[in-house]
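Chemist: First, the structure itself, so that you have it in front of you.
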Amino acid sequence: MRMKFILLALAISVGSVIAALAQKLPPPALAGRVSSDMEGAMEGVLVRAKGAGKTISITVVTDREGRYSFPASKLTTGKNNIEIRAIGYDLASPLSVDVAAGAMRTADLRLVKTKDLVSQLTSAEWLLSVPGTEAQKNQLFRCAACHSLAPIAQSTYDEKGWLTTFARMRSYSEQAVLEHPVSLPYKVTVQPDPEFAKYLSTLNLSSTPEWKYELKTLPRPTGRATRVIITEYDLPGPGRLPHDADLDANGMVWYNDFREPLIGRLDPRTGETKEWTMPPLKPGFPEGTLSIEFNREGYLWIPRFRQGGYTRFDPRTEKFQTWLVPPEYNDARAIQPQVAAAPDGTAWFPGGESLLIFKVDPETGKVTAYPMYPEYHPDEKSSGIIQFSYSATPIGHSTYGLAADSKSNIYICDIVGGNIGKIDGKTGKVTLYKTPTLNSGPRRVSVDSEDRVLFGEYYADKLGMFDPKTEQFKEWTVPTRWLGPYPAKADKNGEAWTSGMGADLVDRLDPKTGKFTEYMLPTVNANIRHIDVDNSTSPVAVWVAEVHQGKIARIEPLD
């Protein structure tokens with residue numbers, strides 16, 4: 001009996017504390033309930049509010065009772081336009097709400113069945129919907145890098161039309177999008193692919209007025225995935241294609257552009273941006289860049305992709321300094337996609353089709369080239385570790401992503417060979433480690449505080465971790481098929497984050513339990529290729545660039 005009284009007293013005490021805290025919390029600026037005739041109260045509906053004429057939007061997600069709430073600190077006063085994201089649904093009617101300082105507004109939202117489901121589908125949902133073998137869908141998945149799969153499904157090309165389209169599209173650079181084609185700076189010989197052309201003609205509207213397969217959709221967020229606030233920032237200028245978004249030491253967000261030769265700085269507090277244009281290195285060649293990275297001294301490194309150089313920007317003086325690819329390697333096919341800024345001050349860049357890696361020493365101005373992928377014949381019964389000398393012609397490899405550890409060693413993702421490679425920062429010696437899942441497509445990579453290597457496994461729908469101390473891998477399969485994990489990064493709590501181009505999801509992994517939480521972005525077909533973690537907050541927040549939508553997004557979990 002005494003124990004019952006003690007427990008009752010504790011419950012009353014805890015309840016009193018919670019009630020007192022609730023009374024101290026400011027009322028939300030805007031709250032309400034979302035429902036539909038089909039489902040009643042709806043969990044997992046994204047509700048976005050954006051001030052009229054503003055460049056910043058705020059999104060929250062409904063709970064199990066269909067309720068949403070915008071903190072007063074997040075919304076701007078004045079007219080806010082309301083939008084929703086819930087697959088298969090639209091708002092019953094357009095809505096705007098006037099938000100006043102110190103006052104709470106209530107707006108219940110009624111949803112109706114959408115008349116345009118196609119515009120809401122992600123590439124992952126198209127791949128779930130279309131018929132085909134795993135190999136055919138894998139090939140189709142490659143198309144999602146430049147655009148969603150909707151234009152393919154909506155097209156009317158027959159087999160001959162597709163073959164003509166293949167020849168045209170394969171002459172474009174990786175920076176091309178439907179609205180802005182960018183041609184490669186050299187002639188491309190395209191081998192006909194009649195089997196793929198035939199397959200695509202069975203998926204589209206070339207011989208039928210409507211699709212003969214069911215359009216399948218992914219579920220809405222539930223549970224923990226609804227406890228999040230997402231802030232999106234519109235970037236200036238039409239057609240911005242921000243590839244990466246990186247935080248600096250002052251909390252500013254920097255981005256590059258996949259189409260234009262520029263870098264930009266976003267102030268998250270105000271939404272203001274400032275941009276700088278980089279000097280041209282190869283006139284007539286594609287000008288956009290694929291990645292950026294800060295080093296420990298606060299310089300921003302920008303590999304110039306198809307411009308044949310490596311540029312460093314000093315945010316303090318706003319000056320650029322550039323080193324050129326050695327002339328013997330600087331032909332029309334030379335590319336410099338990513339960079340690893342090492343603690344010793346050097347910067348490393350993979351060299352594209354040359355299968356070299358280049359080390360730039362800013363102090364001496366020296367650019368050193370190292371071979372990465374000489375031909376090798378691994379022993380199938382070996383541990384999977386492959387060491388070799390630099391003698392044979394490289395085959396079957398391609399680097400896409402690299403990062404430096406605390407000792408200035410470099411780790412690379414061999415997306416074609418399915419390896420994680422370690423390059424000794426002093427000698428250039430290479431050791432390759434085969435990922436447990438073959439042909440996994442390791443892509444963008446990072447190194448955590450314990451020098452463990454994290455990477456997205458693009459073709460395997462997995463997040464991978466490699467520990468150089470034990471030479472062991474761990475892999476976790478993401479919940480959503482065709483997400484295509486692209487980057488991976490750890491936060492201060494030991495959790496790992498990834499995202500991809502197939503679905504508008506940012507995935508959070510607890511390695512201890514193997515459990516993922518998937519946060520959905522409010523903008524359809526955002527196309528995510530990079531992720532950065534803000535460890536200054538609690539809980540941590542993450543930043544992504546929405547490449548195909550010209551936005552930068554901050555995902556702020558509430559627990």
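Letters for chains follow the order of the structure tokens (A, B, ...), residue numbers begin at 1 for each chain, and ligand numbers begin at 1 in the order shown.
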Within 9 Å of A:Val339, counting only C-alpha atoms, which residues qualify if same-chain residues fewer than 3 places away don't, as an mmCIF file with C-alpha atoms, in the first residue's frame?
Modeler:
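Written file, around_7.cif:
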```
data_model
loop_
_atom_site.group_PDB
_atom_site.id
_atom_site.type_symbol
_atom_site.label_atom_id
_atom_site.label_comp_id
_atom_site.auth_asym_id
_atom_site.auth_seq_id
_atom_site.Cartn_x
_atom_site.Cartn_y
_atom_site.Cartn_z
ATOM 1 C CA SER A 291 31.446 19.267 -54.858
ATOM 2 C CA ILE A 292 33.025 21.577 -52.274
ATOM 3 C CA GLU A 293 34.817 20.986 -48.977
ATOM 4 C CA TRP A 301 38.219 23.742 -52.001
ATOM 5 C CA ILE A 302 36.308 23.471 -55.283
ATOM 6 C CA PRO A 303 37.276 20.792 -57.835
ATOM 7 C CA TYR A 310 41.459 22.850 -58.597
ATOM 8 C CA GLN A 336 37.874 16.506 -61.239
ATOM 9 C CA ALA A 347 43.983 18.382 -51.110
ATOM 10 C CA TRP A 348 43.308 15.243 -53.133
ATOM 11 C CA PHE A 349 41.261 14.925 -56.320
ATOM 12 C CA PRO A 350 40.346 11.848 -58.393
ATOM 13 C CA GLY A 401 33.879 10.088 -53.604
ATOM 14 C CA LEU A 402 36.885 10.408 -51.328
ATOM 15 C CA ALA A 403 37.666 11.618 -47.799
#
```
Chemist: Between A:Asp361, A:Asp405, A:Thr517, A:Ile420, which is the closest to A:Phe473 once you count only C-alpha atoms?
Modeler: A:Ile420
Chemist: Please list as a list in words every residue within 8 Å of A:Pro185, counting only C-alpha atoms and excluding residues in the same chain fewer than 6 positions away.
Modeler: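 Those residues are Gly284, Phe285, Pro286, Ala332 and Arg333 of chain A.
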Chemist: Taking only C-alpha atoms into account, which of A:His397, A:Lys429, A:Arg170, A:Arg306 comes nearest A:Gly417?
Modeler: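 Answer, going by the shortest atom-to-atom distance: A:His397.
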Chemist: For A:Val540, list every protein, DNA or RNA residue within 10 Å, evaluated using only C-alpha atoms, and leave out those in the same chain fewer than 3 positions away; present the list as a list in words.
Modeler: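 The residues satisfying every condition are Asp491, Lys492, Asn493, Glu495, Val533, Asp534, Asn535, Ser536, Thr537, Ile555, Glu556, Pro557, Leu558 and Asp559 of chain A.
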Chemist: Keeping only N, CA, C and O atoms, take the residues you just selected and write them out as an mmCIF file, in the first residue's frame.
Modeler:
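Result file is part_24.cif:
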```
data_model
loop_
_atom_site.group_PDB
_atom_site.id
_atom_site.type_symbol
_atom_site.label_atom_id
_atom_site.label_comp_id
_atom_site.auth_asym_id
_atom_site.auth_seq_id
_atom_site.Cartn_x
_atom_site.Cartn_y
_atom_site.Cartn_z
ATOM 1 N N ASP A 491 27.150 11.635 -37.007
ATOM 2 C CA ASP A 491 27.025 12.818 -36.157
ATOM 3 C C ASP A 491 27.754 12.578 -34.836
ATOM 4 O O ASP A 491 28.368 11.524 -34.614
ATOM 5 N N LYS A 492 27.695 13.548 -33.929
ATOM 6 C CA LYS A 492 28.441 13.478 -32.668
ATOM 7 C C LYS A 492 27.939 12.371 -31.750
ATOM 8 O O LYS A 492 28.654 11.961 -30.824
ATOM 9 N N ASN A 493 26.720 11.884 -31.987
ATOM 10 C CA ASN A 493 26.136 10.840 -31.153
ATOM 11 C C ASN A 493 26.400 9.442 -31.689
ATOM 12 O O ASN A 493 25.927 8.460 -31.112
ATOM 13 N N GLU A 495 25.309 8.328 -34.562
ATOM 14 C CA GLU A 495 24.315 7.943 -35.552
ATOM 15 C C GLU A 495 24.812 8.318 -36.944
ATOM 16 O O GLU A 495 25.669 9.198 -37.094
ATOM 17 N N VAL A 533 26.250 17.540 -41.446
ATOM 18 C CA VAL A 533 25.672 17.437 -40.109
ATOM 19 C C VAL A 533 26.045 18.671 -39.296
ATOM 20 O O VAL A 533 27.202 19.108 -39.295
ATOM 21 N N ASP A 534 25.068 19.237 -38.604
ATOM 22 C CA ASP A 534 25.294 20.350 -37.684
ATOM 23 C C ASP A 534 25.297 19.789 -36.264
ATOM 24 O O ASP A 534 24.249 19.516 -35.677
ATOM 25 N N ASN A 535 26.493 19.598 -35.714
ATOM 26 C CA ASN A 535 26.634 19.035 -34.380
ATOM 27 C C ASN A 535 26.537 20.077 -33.274
ATOM 28 O O ASN A 535 26.678 19.744 -32.094
ATOM 29 N N SER A 536 26.299 21.323 -33.620
ATOM 30 C CA SER A 536 26.231 22.376 -32.606
ATOM 31 C C SER A 536 24.868 22.409 -31.919
ATOM 32 O O SER A 536 24.691 23.098 -30.915
ATOM 33 N N THR A 537 23.899 21.692 -32.459
ATOM 34 C CA THR A 537 22.554 21.691 -31.899
ATOM 35 C C THR A 537 22.280 20.375 -31.180
ATOM 36 O O THR A 537 23.001 19.392 -31.353
ATOM 37 N N ILE A 555 17.042 19.799 -41.929
ATOM 38 C CA ILE A 555 16.160 18.819 -41.299
ATOM 39 C C ILE A 555 16.493 18.827 -39.811
ATOM 40 O O ILE A 555 17.611 18.507 -39.404
ATOM 41 N N GLU A 556 15.520 19.181 -38.995
ATOM 42 C CA GLU A 556 15.719 19.409 -37.564
ATOM 43 C C GLU A 556 14.842 18.430 -36.772
ATOM 44 O O GLU A 556 13.685 18.729 -36.450
ATOM 45 N N PRO A 557 15.370 17.241 -36.438
ATOM 46 C CA PRO A 557 14.587 16.307 -35.634
ATOM 47 C C PRO A 557 14.287 16.895 -34.255
ATOM 48 O O PRO A 557 15.086 17.674 -33.705
ATOM 49 N N LEU A 558 13.149 16.507 -33.692
ATOM 50 C CA LEU A 558 12.755 17.013 -32.379
ATOM 51 C C LEU A 558 13.129 16.054 -31.260
ATOM 52 O O LEU A 558 12.901 16.362 -30.086
ATOM 53 N N ASP A 559 13.671 14.886 -31.602
ATOM 54 C CA ASP A 559 14.168 13.949 -30.585
ATOM 55 C C ASP A 559 15.282 13.089 -31.165
ATOM 56 O O ASP A 559 15.601 13.178 -32.336
#
```
Chemist: To one decimal place in Å, what is the distance between atom CA of A:Ile552 and atom CA of A:Asp257?
Modeler: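 These atoms are spaced 11.8 Å apart.
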Chemist: Counting only C-alpha atoms, which of A:Asp108, A:Asp467, A:Asp532, A:Asp248 gets nearest to A:Thr435?
Modeler: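 Of A:Asp108, A:Asp467, A:Asp532, A:Asp248, the one nearest A:Thr435 is A:Asp467, counting only C-alpha atoms.
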Chemist: Find the residue from A:Gly550, A:Pro436, A:Gly264, A:Gly500 that sits nearest to A:His530; use only C-alpha atoms when measuring.
Modeler: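 Using only C-alpha atoms, A:His530 sits closest to A:Gly500.
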Chemist: Between A:Glu471, A:Asp246, A:Glu450, A:Glu214, which is the closest to A:Pro131 once you count only C-alpha atoms?
Modeler: A:Glu214
Chemist: With only C-alpha atoms as the counted atoms, please give the residues lying no more than 6 Å from A:Lys79, apart from itself and same-chain residues fewer than 3 positions off, as an MDAnalysis selection string.
Modeler: chainID A and resid 51:52 97:98
Chemist: Can you work out which one of A:Ala145, A:Val506, A:Val453, A:Ile87 has the shortest atom-to-atom distance to A:Phe466, counting only C-alpha atoms?
Modeler: A:Val453
Chemist: Considering only C-alpha atoms, return as a list in words whatever protein or nucleic-acid residues lie within 12 Å of A:Arg481, sequence-local ones (same chain, fewer than 3 positions apart) excluded.
Modeler: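 My reading of the contact set: Thr122, Ser123, Ala124, Glu125, Trp126, Leu127, Leu128, Ser129, Glu134, Lys137, Asn138, Phe141, Thr217, Leu218, Tyr458, Tyr459, Ala460, Asp461, Lys462, Thr477, Val478, Gly484, Pro485, Gly500, Met501, Gly502, Ala503 and Leu505 of chain A.
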Chemist: Please produce an output containing C-alpha atoms for each residue in the selection, written as a compact mmCIF listing (two decimals), in the first residue's frame.
Modeler:
```
# COMPACT_ATOMS: atom_id res chain seq x y z
CA THR A 122 9.11 9.91 -56.92
CA SER A 123 11.47 7.86 -59.07
CA ALA A 124 11.43 5.14 -56.40
CA GLU A 125 7.64 4.90 -56.74
CA TRP A 126 7.88 4.63 -60.52
CA LEU A 127 10.38 1.79 -60.10
CA LEU A 128 8.03 0.05 -57.68
CA SER A 129 5.21 0.46 -60.20
CA GLU A 134 15.74 -6.49 -61.52
CA LYS A 137 14.96 -1.69 -63.33
CA ASN A 138 18.59 -1.25 -62.31
CA PHE A 141 17.36 3.65 -62.13
CA THR A 217 3.06 4.66 -53.69
CA LEU A 218 5.25 4.73 -50.59
CA TYR A 458 24.08 3.29 -54.29
CA TYR A 459 23.19 0.10 -56.14
CA ALA A 460 22.54 -2.03 -53.03
CA ASP A 461 20.23 0.32 -51.07
CA LYS A 462 22.60 0.10 -48.11
CA THR A 477 19.80 -1.92 -45.64
CA VAL A 478 17.63 1.20 -45.83
CA GLY A 484 19.89 4.81 -53.80
CA PRO A 485 21.97 5.90 -50.79
CA GLY A 500 19.57 9.54 -52.25
CA MET A 501 18.14 10.59 -55.58
CA GLY A 502 15.37 7.99 -55.80
CA ALA A 503 13.08 9.21 -53.02
CA LEU A 505 13.93 10.90 -47.81
```
